[in-house]
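**Student:** Could you have a look at this structure, given as structure tokens, before my questions?
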Amino acid sequence: MTTRLRTADSRLPGGIRAWGRRHAFSLLSSLGTLVRQPIASAMTVMVLAVALCLPTGLWVALDNASHLGQDWEHLDTLSVFLDGGVDDQQAMRLSSRLSAWDEITAVDPISPSEGLSELAGQMGLGEAVAAIEDNPLPWVLEVTPMTASVLPELARRLQREEGVESVIVDLQWLERLAAMIEVIRQLTILLALLFAAAVAFVVGNTIRMDIHNRREEIEVMALVGATRGFIRRPFLYSGLWYGLAGGLLAWVLVRLALVVLAGPVEVLGGTYDAELGLRPLSPRLSLALVLGSGALGVIGSWLAVDRHLRRIQL
Amino acid sequence: MVVFEHVAKRYPGGMQALKDVSFHLEKGELAFLTGHSGAGKSTLLRLIALLERPSRGQVLFDGRNVGKAARRHIPGLRRRIGIIFQDHRLLSDRRVFDNVALPLVIAGAPYPEIQRRVRAVLDKVGLLDKERMYPPMLSGGEQQRVGIARAIIGKPPLILADEPTGNLDPELSADLMQFFMQLNELGTTVLIASHDLELIRRLRRRVLVLRDGQLIDDVPARVEASAS
């Protein structure tokens, strides 16, 4: 006498339009829940926004720093210090010979006296320098390479030239900057992953409390024949709204921070005689931030709802 | 419509709520389920509505073994049963209208239809002017009627009522029973758990009597003539 239930029984009547109407109901009821508890919702959104701000802000800072590096790369020059015994004629000869090299764009010879006056000007030591009878500076050739990529190789070649005392590549700080940016980039990715998890957990926890508060409603819905999907859906929508709102607010906060920082950065750039403009968030990053946050919200609430519906045993 | 075959229900912790209960409830029948409190009335109703599963035996609804129904079949089954609870189980933060509309919303009915049917059913239970109120603003009897409206709006073939007259005065209780009779005359199968023996006796319908989890009596419906 054991008759199995037919599958058709559990299917809801009405097809796609009924499905759409049920979705519309879930969507509206989830919005209603958020609006009915504005302070709690706002606080959750705020937590999400702050959590998202950190990796996003770091990413924007990084983006700006790496562009800074790119802008300055063409300014790289090599300073070739010649032996102290090299006289003016030898120096000029070497200078013209080097300018014929393929990888060199220009050679700017600086005589010891030019070097001394430049130094005196820079350091405001005019009188002190004038007092030095014997100029201790050697000839220096300022070499501008074609591209920054040949710098290390070029430096080695120049070092082997006769009469060259030392080659100073002012590249190290750039390499350091690039290395630092790489470290921070990795750190940003790690932080982004951590904070993404945090967003999912915060939303999950909020939804968990929401489920707890609406336990009675869930039970009543199940009693009158709601499917698990129907019960779950408003919570998933809530998670989506939390995520989207958090992402949007984070975007606004980062934008605000950029506006606030724009002035000081300009002043800073002014001291270097450089125009430092802050690059805003790219549209792609903005979209990824908001949509990614929304997706994380859905994931977080899914985990919470699934666990709890199973516990209520509906 | 509902068949119990040697059904036993033991709750975790050892409480034996039902022992070897067997009966048939035919389609279109109206029956009362009575017995002292703790006799197993609620458990019996909960087994039909799939709120519990039997420890032994079979519960059949519409010829199907509900005790073995997969979880995904449960919502569909519950939609074919209207349940009225003693404690109403209404959503206190939703208006009367929304409470009654819930089964139709779950079924995905279009809004104009929901509106029409909710109004019709609220009119039937005499609460049309209360549709915009919240359940806590209503009296116990009114709340009970909201629960009834919600149970019957989906036009289920089976109505289960757990102590529907539990906290109503005698006059309201009699009215309510008349209402169930009317539903029954329109073809709905009704099973009412109640300990209002006086009222039950007057209505001369079939009575199932539980004591300590066992079905000790099954009094058939009496024809008017033979009763007098």
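Ligands are numbered from 1 in the order shown, chains are lettered A, B, ... in the order of the structure tokens, and residues start at 1 in each chain.
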Which residues come within 10 Å of His195 of chain B, counting only C-alpha atoms, excluding same-chain residues fewer than 3 positions away, as an MDAnalysis selection string?
**Tutor:** chainID B and resid 32:37 41 163 165:166 192 198:200 209
**Student:** Leaving out Thr105 of chain A and any residue of its chain fewer than 2 positions from it, which residues lie within 9 Å of it when counting only C-alpha atoms, given as an mmCIF file with N, CA and C atoms, in the first residue's frame?
**Tutor:**
```
data_model
loop_
_atom_site.group_PDB
_atom_site.id
_atom_site.type_symbol
_atom_site.label_atom_id
_atom_site.label_comp_id
_atom_site.auth_asym_id
_atom_site.auth_seq_id
_atom_site.Cartn_x
_atom_site.Cartn_y
_atom_site.Cartn_z
ATOM 1 N N SER A 99 78.687 59.363 -27.598
ATOM 2 C CA SER A 99 77.422 59.794 -28.195
ATOM 3 C C SER A 99 77.150 59.063 -29.504
ATOM 4 N N ALA A 100 78.148 58.364 -30.032
ATOM 5 C CA ALA A 100 77.937 57.613 -31.267
ATOM 6 C C ALA A 100 77.322 56.230 -30.996
ATOM 7 N N TRP A 101 77.326 55.839 -29.709
ATOM 8 C CA TRP A 101 76.767 54.516 -29.368
ATOM 9 C C TRP A 101 75.264 54.474 -29.639
ATOM 10 N N ASP A 102 74.849 53.289 -30.093
ATOM 11 C CA ASP A 102 73.429 53.150 -30.467
ATOM 12 C C ASP A 102 72.483 53.396 -29.290
ATOM 13 N N GLU A 103 72.860 52.834 -28.145
ATOM 14 C CA GLU A 103 71.911 52.886 -27.034
ATOM 15 C C GLU A 103 71.941 54.204 -26.256
ATOM 16 N N VAL A 107 74.961 62.796 -24.639
ATOM 17 C CA VAL A 107 75.990 62.847 -23.598
ATOM 18 C C VAL A 107 76.216 64.313 -23.250
ATOM 19 N N VAL A 143 74.983 60.732 -19.128
ATOM 20 C CA VAL A 143 74.589 59.941 -20.292
ATOM 21 C C VAL A 143 73.095 59.633 -20.226
ATOM 22 N N THR A 144 72.388 60.001 -21.293
ATOM 23 C CA THR A 144 70.967 59.663 -21.365
ATOM 24 C C THR A 144 70.776 58.479 -22.307
ATOM 25 N N PRO A 145 70.287 57.367 -21.784
ATOM 26 C CA PRO A 145 70.121 56.182 -22.647
ATOM 27 C C PRO A 145 68.842 56.272 -23.474
ATOM 28 N N MET A 146 68.774 55.412 -24.534
ATOM 29 C CA MET A 146 67.588 55.376 -25.389
ATOM 30 C C MET A 146 66.371 54.914 -24.582
ATOM 31 N N THR A 147 66.540 53.794 -23.878
ATOM 32 C CA THR A 147 65.443 53.277 -23.060
ATOM 33 C C THR A 147 65.979 52.883 -21.694
#
```
**Student:** Give one line per residue of segment 89-148 of chain B that approaches segment 196-218 of chain A to at most 12 Å, naming the two atoms of the closest pair and their distance in Å to one decimal, counting only C-alpha atoms; sort by chain then ascending residue number and deliver it as a tab-separated table.
**Tutor:**
```
residue	atom	partner	partner_atom	distance
B:Arg89	CA	A:Glu216	CA	8.2
B:Leu90	CA	A:Glu217	CA	8.3
B:Leu91	CA	A:Glu217	CA	6.2
B:Ser92	CA	A:Glu217	CA	9.1
B:Asp93	CA	A:Glu217	CA	9.5
B:Arg94	CA	A:Glu217	CA	9.9
B:Asn99	CA	A:Glu217	CA	10.3
B:Leu102	CA	A:Glu217	CA	10.7
```
**Student:** Give the residues of chain B that lie within 9 Å of chain A; count only C-alpha atoms, and format the answer as a PyMOL selection string.
**Tutor:** chain B and resi 49+51+58+60+63-66+68-83+89-91+102-103+105-111+150-151
**Student:** Write out as an NGL selection string which residues come within 12 Å of Gln178 of chain B when counting only C-alpha atoms, dropping same-chain ones fewer than 3 positions away.
**Tutor:** :B and (30 or 125 or 165 or 171-175 or 181-185 or 199-200 or 202-203)
**Student:** Dump N, CA and C atoms for the selected residues as a PDB file, in the first residue's frame?
**Tutor:**
```
ATOM      1  N   LEU B  30     -16.882  14.897   7.678  1.00  0.00           N
ATOM      2  CA  LEU B  30     -16.484  15.827   8.737  1.00  0.00           C
ATOM      3  C   LEU B  30     -16.432  15.011  10.017  1.00  0.00           C
ATOM      4  N   VAL B 125     -15.812  35.252   6.487  1.00  0.00           N
ATOM      5  CA  VAL B 125     -15.603  35.108   7.938  1.00  0.00           C
ATOM      6  C   VAL B 125     -15.982  36.390   8.675  1.00  0.00           C
ATOM      7  N   THR B 165     -12.047  26.174  18.750  1.00  0.00           N
ATOM      8  CA  THR B 165     -12.931  26.904  19.655  1.00  0.00           C
ATOM      9  C   THR B 165     -12.301  27.067  21.029  1.00  0.00           C
ATOM     10  N   GLU B 171     -21.206  30.847  22.189  1.00  0.00           N
ATOM     11  CA  GLU B 171     -21.962  31.309  21.019  1.00  0.00           C
ATOM     12  C   GLU B 171     -21.079  31.347  19.774  1.00  0.00           C
ATOM     13  N   LEU B 172     -19.859  31.951  19.957  1.00  0.00           N
ATOM     14  CA  LEU B 172     -18.903  32.026  18.848  1.00  0.00           C
ATOM     15  C   LEU B 172     -18.484  30.630  18.401  1.00  0.00           C
ATOM     16  N   SER B 173     -18.333  29.744  19.380  1.00  0.00           N
ATOM     17  CA  SER B 173     -17.928  28.381  19.060  1.00  0.00           C
ATOM     18  C   SER B 173     -18.969  27.705  18.172  1.00  0.00           C
ATOM     19  N   ALA B 174     -20.241  27.899  18.529  1.00  0.00           N
ATOM     20  CA  ALA B 174     -21.312  27.297  17.748  1.00  0.00           C
ATOM     21  C   ALA B 174     -21.314  27.854  16.329  1.00  0.00           C
ATOM     22  N   ASP B 175     -21.123  29.197  16.221  1.00  0.00           N
ATOM     23  CA  ASP B 175     -21.058  29.836  14.905  1.00  0.00           C
ATOM     24  C   ASP B 175     -19.943  29.217  14.062  1.00  0.00           C
ATOM     25  N   MET B 181     -19.319  23.249   9.084  1.00  0.00           N
ATOM     26  CA  MET B 181     -20.357  22.412   8.470  1.00  0.00           C
ATOM     27  C   MET B 181     -20.639  22.878   7.040  1.00  0.00           C
ATOM     28  N   GLN B 182     -20.712  24.199   6.886  1.00  0.00           N
ATOM     29  CA  GLN B 182     -20.972  24.746   5.551  1.00  0.00           C
ATOM     30  C   GLN B 182     -19.852  24.374   4.585  1.00  0.00           C
ATOM     31  N   LEU B 183     -18.623  24.532   5.076  1.00  0.00           N
ATOM     32  CA  LEU B 183     -17.474  24.159   4.247  1.00  0.00           C
ATOM     33  C   LEU B 183     -17.579  22.705   3.826  1.00  0.00           C
ATOM     34  N   ASN B 184     -17.940  21.881   4.794  1.00  0.00           N
ATOM     35  CA  ASN B 184     -18.051  20.455   4.561  1.00  0.00           C
ATOM     36  C   ASN B 184     -19.133  20.145   3.530  1.00  0.00           C
ATOM     37  N   GLU B 185     -20.237  20.888   3.606  1.00  0.00           N
ATOM     38  CA  GLU B 185     -21.315  20.669   2.640  1.00  0.00           C
ATOM     39  C   GLU B 185     -20.866  20.997   1.232  1.00  0.00           C
ATOM     40  N   LEU B 199     -20.580  20.519  22.693  1.00  0.00           N
ATOM     41  CA  LEU B 199     -20.808  21.011  21.335  1.00  0.00           C
ATOM     42  C   LEU B 199     -20.754  19.871  20.321  1.00  0.00           C
ATOM     43  N   ILE B 200     -19.783  19.001  20.501  1.00  0.00           N
ATOM     44  CA  ILE B 200     -19.594  17.898  19.565  1.00  0.00           C
ATOM     45  C   ILE B 200     -20.809  16.971  19.566  1.00  0.00           C
ATOM     46  N   ARG B 202     -23.838  17.692  20.230  1.00  0.00           N
ATOM     47  CA  ARG B 202     -25.001  18.314  19.581  1.00  0.00           C
ATOM     48  C   ARG B 202     -24.924  18.230  18.059  1.00  0.00           C
ATOM     49  N   LEU B 203     -23.707  18.204  17.526  1.00  0.00           N
ATOM     50  CA  LEU B 203     -23.563  18.263  16.072  1.00  0.00           C
ATOM     51  C   LEU B 203     -23.745  16.903  15.399  1.00  0.00           C
TER      52      LEU B 203
END
```
**Student:** Would you list the contacts of segment 160-171 of chain A as a list of chain:residue names, taking every protein, DNA or RNA residue within 6 Å and counting only C-alpha atoms, but skipping same-chain residues closer than 5 positions in sequence?
**Tutor:**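 Near neighbours after the sequence-gap exclusion: A:Leu78, A:Ser79, A:Val80, A:Phe81, A:Leu82, A:Asp83.
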**Student:** Could you write out the selected residues, including C-alpha atoms, as an mmCIF file, in the first residue's frame?
**Tutor:**
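Done, and the output landed in again_22.cif:
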```cif
data_model
loop_
_atom_site.group_PDB
_atom_site.id
_atom_site.type_symbol
_atom_site.label_atom_id
_atom_site.label_comp_id
_atom_site.auth_asym_id
_atom_site.auth_seq_id
_atom_site.Cartn_x
_atom_site.Cartn_y
_atom_site.Cartn_z
ATOM 1 C CA LEU A 78 73.806 57.667 -15.861
ATOM 2 C CA SER A 79 76.472 59.716 -14.248
ATOM 3 C CA VAL A 80 79.885 58.646 -15.527
ATOM 4 C CA PHE A 81 82.617 59.904 -13.231
ATOM 5 C CA LEU A 82 86.027 60.042 -14.962
ATOM 6 C CA ASP A 83 89.410 59.558 -13.350
#
```
**Student:** From a DSSP pass on the backbone, collect the residues of segment 96-175 of chain B flagged as strand (DSSP E or B) and hand them back as an MDAnalysis selection string.
**Tutor:** chainID B and resid 158:162
**Student:** So, with only C-alpha atoms as the atoms that count, which of A:Ser117, A:Ser41, A:Arg233, A:Trp139 lies closest to Gly85 of chain A?
**Tutor:**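 Counting only C-alpha atoms, the residue closest to Gly85 of chain A is A:Trp139.
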**Student:** List the neighbours of Val118 of chain B out to 8 Å using only C-alpha atoms; skip same-chain residues closer than 3 positions along the sequence, and give me the result as a list in words.
**Tutor:**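 Using only C-alpha atoms, the neighbours found are Phe97, Val100, Ala101, Ile114, Gln115, Val121, Leu122 and Ile153 of chain B.
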**Student:** Keeping only N, CA and C atoms, write the selected residues to a file as a PDB file, in the first residue's frame.
**Tutor:**
```pdb
ATOM      1  N   PHE B  97      -4.962  41.436   5.758  1.00  0.00           N
ATOM      2  CA  PHE B  97      -5.001  41.133   4.323  1.00  0.00           C
ATOM      3  C   PHE B  97      -3.806  40.276   3.912  1.00  0.00           C
ATOM      4  N   VAL B 100      -3.825  36.659   5.254  1.00  0.00           N
ATOM      5  CA  VAL B 100      -4.752  35.774   4.541  1.00  0.00           C
ATOM      6  C   VAL B 100      -4.227  35.482   3.136  1.00  0.00           C
ATOM      7  N   ALA B 101      -3.543  36.468   2.554  1.00  0.00           N
ATOM      8  CA  ALA B 101      -3.080  36.319   1.164  1.00  0.00           C
ATOM      9  C   ALA B 101      -1.896  35.365   1.037  1.00  0.00           C
ATOM     10  N   ILE B 114      -5.520  37.793  -6.114  1.00  0.00           N
ATOM     11  CA  ILE B 114      -5.289  37.719  -4.666  1.00  0.00           C
ATOM     12  C   ILE B 114      -6.260  38.652  -3.957  1.00  0.00           C
ATOM     13  N   GLN B 115      -6.331  39.888  -4.476  1.00  0.00           N
ATOM     14  CA  GLN B 115      -7.185  40.893  -3.870  1.00  0.00           C
ATOM     15  C   GLN B 115      -8.651  40.426  -3.831  1.00  0.00           C
ATOM     16  N   VAL B 121     -12.998  35.919   0.918  1.00  0.00           N
ATOM     17  CA  VAL B 121     -12.903  35.014   2.055  1.00  0.00           C
ATOM     18  C   VAL B 121     -13.016  35.787   3.376  1.00  0.00           C
ATOM     19  N   LEU B 122     -12.517  37.036   3.396  1.00  0.00           N
ATOM     20  CA  LEU B 122     -12.677  37.852   4.603  1.00  0.00           C
ATOM     21  C   LEU B 122     -14.150  38.200   4.813  1.00  0.00           C
ATOM     22  N   ILE B 153      -8.415  29.824   2.005  1.00  0.00           N
ATOM     23  CA  ILE B 153      -8.319  30.643   0.797  1.00  0.00           C
ATOM     24  C   ILE B 153      -7.762  29.859  -0.395  1.00  0.00           C
TER      25      ILE B 153
END
```
**Student:** List every residue of segment 87-174 of chain B that DSSP, applied to the backbone of this structure, places in helix (DSSP H, G or I), and write the result as a PyMOL selection string.
**Tutor:** chain B and resi 96-107+111-124+128-130+135-137+140-152+170-174
**Student:** Give me a file of those residues, with C-alpha atoms, as a PDB file, in the first residue's frame.
**Tutor:**
```pdb
ATOM      1  CA  VAL B  96      -4.857  40.900   8.103  1.00  0.00           C
ATOM      2  CA  PHE B  97      -5.001  41.133   4.323  1.00  0.00           C
ATOM      3  CA  ASP B  98      -1.385  39.986   3.909  1.00  0.00           C
ATOM      4  CA  ASN B  99      -1.798  37.191   6.418  1.00  0.00           C
ATOM      5  CA  VAL B 100      -4.752  35.774   4.541  1.00  0.00           C
ATOM      6  CA  ALA B 101      -3.080  36.319   1.164  1.00  0.00           C
ATOM      7  CA  LEU B 102       0.047  34.334   2.111  1.00  0.00           C
ATOM      8  CA  PRO B 103      -0.948  30.975   0.550  1.00  0.00           C
ATOM      9  CA  LEU B 104      -1.865  32.703  -2.724  1.00  0.00           C
ATOM     10  CA  VAL B 105       1.347  34.735  -2.742  1.00  0.00           C
ATOM     11  CA  ILE B 106       3.292  31.517  -2.263  1.00  0.00           C
ATOM     12  CA  ALA B 107       1.420  29.985  -5.164  1.00  0.00           C
ATOM     13  CA  TYR B 111      -2.345  40.455  -7.517  1.00  0.00           C
ATOM     14  CA  PRO B 112      -5.873  41.254  -8.759  1.00  0.00           C
ATOM     15  CA  GLU B 113      -6.858  37.645  -8.136  1.00  0.00           C
ATOM     16  CA  ILE B 114      -5.289  37.719  -4.666  1.00  0.00           C
ATOM     17  CA  GLN B 115      -7.185  40.893  -3.870  1.00  0.00           C
ATOM     18  CA  ARG B 116     -10.488  39.484  -5.068  1.00  0.00           C
ATOM     19  CA  ARG B 117     -10.155  36.168  -3.276  1.00  0.00           C
ATOM     20  CA  VAL B 118      -8.862  37.654  -0.003  1.00  0.00           C
ATOM     21  CA  ARG B 119     -11.808  40.058   0.070  1.00  0.00           C
ATOM     22  CA  ALA B 120     -14.225  37.246  -0.695  1.00  0.00           C
ATOM     23  CA  VAL B 121     -12.903  35.014   2.055  1.00  0.00           C
ATOM     24  CA  LEU B 122     -12.677  37.852   4.603  1.00  0.00           C
ATOM     25  CA  ASP B 123     -16.275  38.664   3.795  1.00  0.00           C
ATOM     26  CA  LYS B 124     -17.162  35.040   4.442  1.00  0.00           C
ATOM     27  CA  LEU B 128     -13.893  42.544   5.605  1.00  0.00           C
ATOM     28  CA  ASP B 129     -13.683  45.812   7.533  1.00  0.00           C
ATOM     29  CA  LYS B 130     -10.587  44.629   9.403  1.00  0.00           C
ATOM     30  CA  PRO B 135      -3.578  40.733  14.224  1.00  0.00           C
ATOM     31  CA  PRO B 136      -2.675  41.990  17.734  1.00  0.00           C
ATOM     32  CA  MET B 137      -5.374  44.665  17.335  1.00  0.00           C
ATOM     33  CA  GLY B 140      -9.085  36.245  20.016  1.00  0.00           C
ATOM     34  CA  GLY B 141     -12.156  35.215  18.045  1.00  0.00           C
ATOM     35  CA  GLU B 142     -11.293  37.576  15.227  1.00  0.00           C
ATOM     36  CA  GLN B 143      -7.736  36.284  15.088  1.00  0.00           C
ATOM     37  CA  GLN B 144      -9.098  32.756  14.921  1.00  0.00           C
ATOM     38  CA  ARG B 145     -11.230  33.769  11.943  1.00  0.00           C
ATOM     39  CA  VAL B 146      -8.206  35.297  10.213  1.00  0.00           C
ATOM     40  CA  GLY B 147      -6.479  31.935  10.666  1.00  0.00           C
ATOM     41  CA  ILE B 148      -9.506  30.198   9.189  1.00  0.00           C
ATOM     42  CA  ALA B 149      -9.593  32.589   6.247  1.00  0.00           C
ATOM     43  CA  ARG B 150      -5.942  31.794   5.565  1.00  0.00           C
ATOM     44  CA  ALA B 151      -6.603  28.067   5.796  1.00  0.00           C
ATOM     45  CA  ILE B 152      -9.483  28.060   3.335  1.00  0.00           C
ATOM     46  CA  PRO B 170     -20.009  29.188  23.466  1.00  0.00           C
ATOM     47  CA  GLU B 171     -21.962  31.309  21.019  1.00  0.00           C
ATOM     48  CA  LEU B 172     -18.903  32.026  18.848  1.00  0.00           C
ATOM     49  CA  SER B 173     -17.928  28.381  19.060  1.00  0.00           C
ATOM     50  CA  ALA B 174     -21.312  27.297  17.748  1.00  0.00           C
TER      51      ALA B 174
END
```
**Student:** Mind giving me the straight-line distance from atom CA of Leu62 of chain A to atom CA of Leu187 of chain A in Å, one decimal?
**Tutor:**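 We find that atom CA of Leu62 of chain A and atom CA of Leu187 of chain A lie 10.6 Å from each other.
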**Student:** In Å, how far is it from atom CA of Ile184 of chain A to atom CA of Trp59 of chain A?
**Tutor:**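 Atom CA of Trp59 of chain A lies 8.8 Å from atom CA of Ile184 of chain A.
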**Student:** Applying 12 Å and only C-alpha atoms, which residues near Ile189 of chain A remain after dropping the ones on its own chain fewer than 6 positions away? List them as an NGL selection string.
**Tutor:** :A and (54-56 or 58-59 or 62 or 182-183 or 195-196)
**Student:** Hey, can you check how far atom CA of Leu98 of chain A sits from atom CA of Gly115 of chain A?
**Tutor:**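 Between atom CA of Leu98 of chain A and atom CA of Gly115 of chain A the gap is 20.0 Å.
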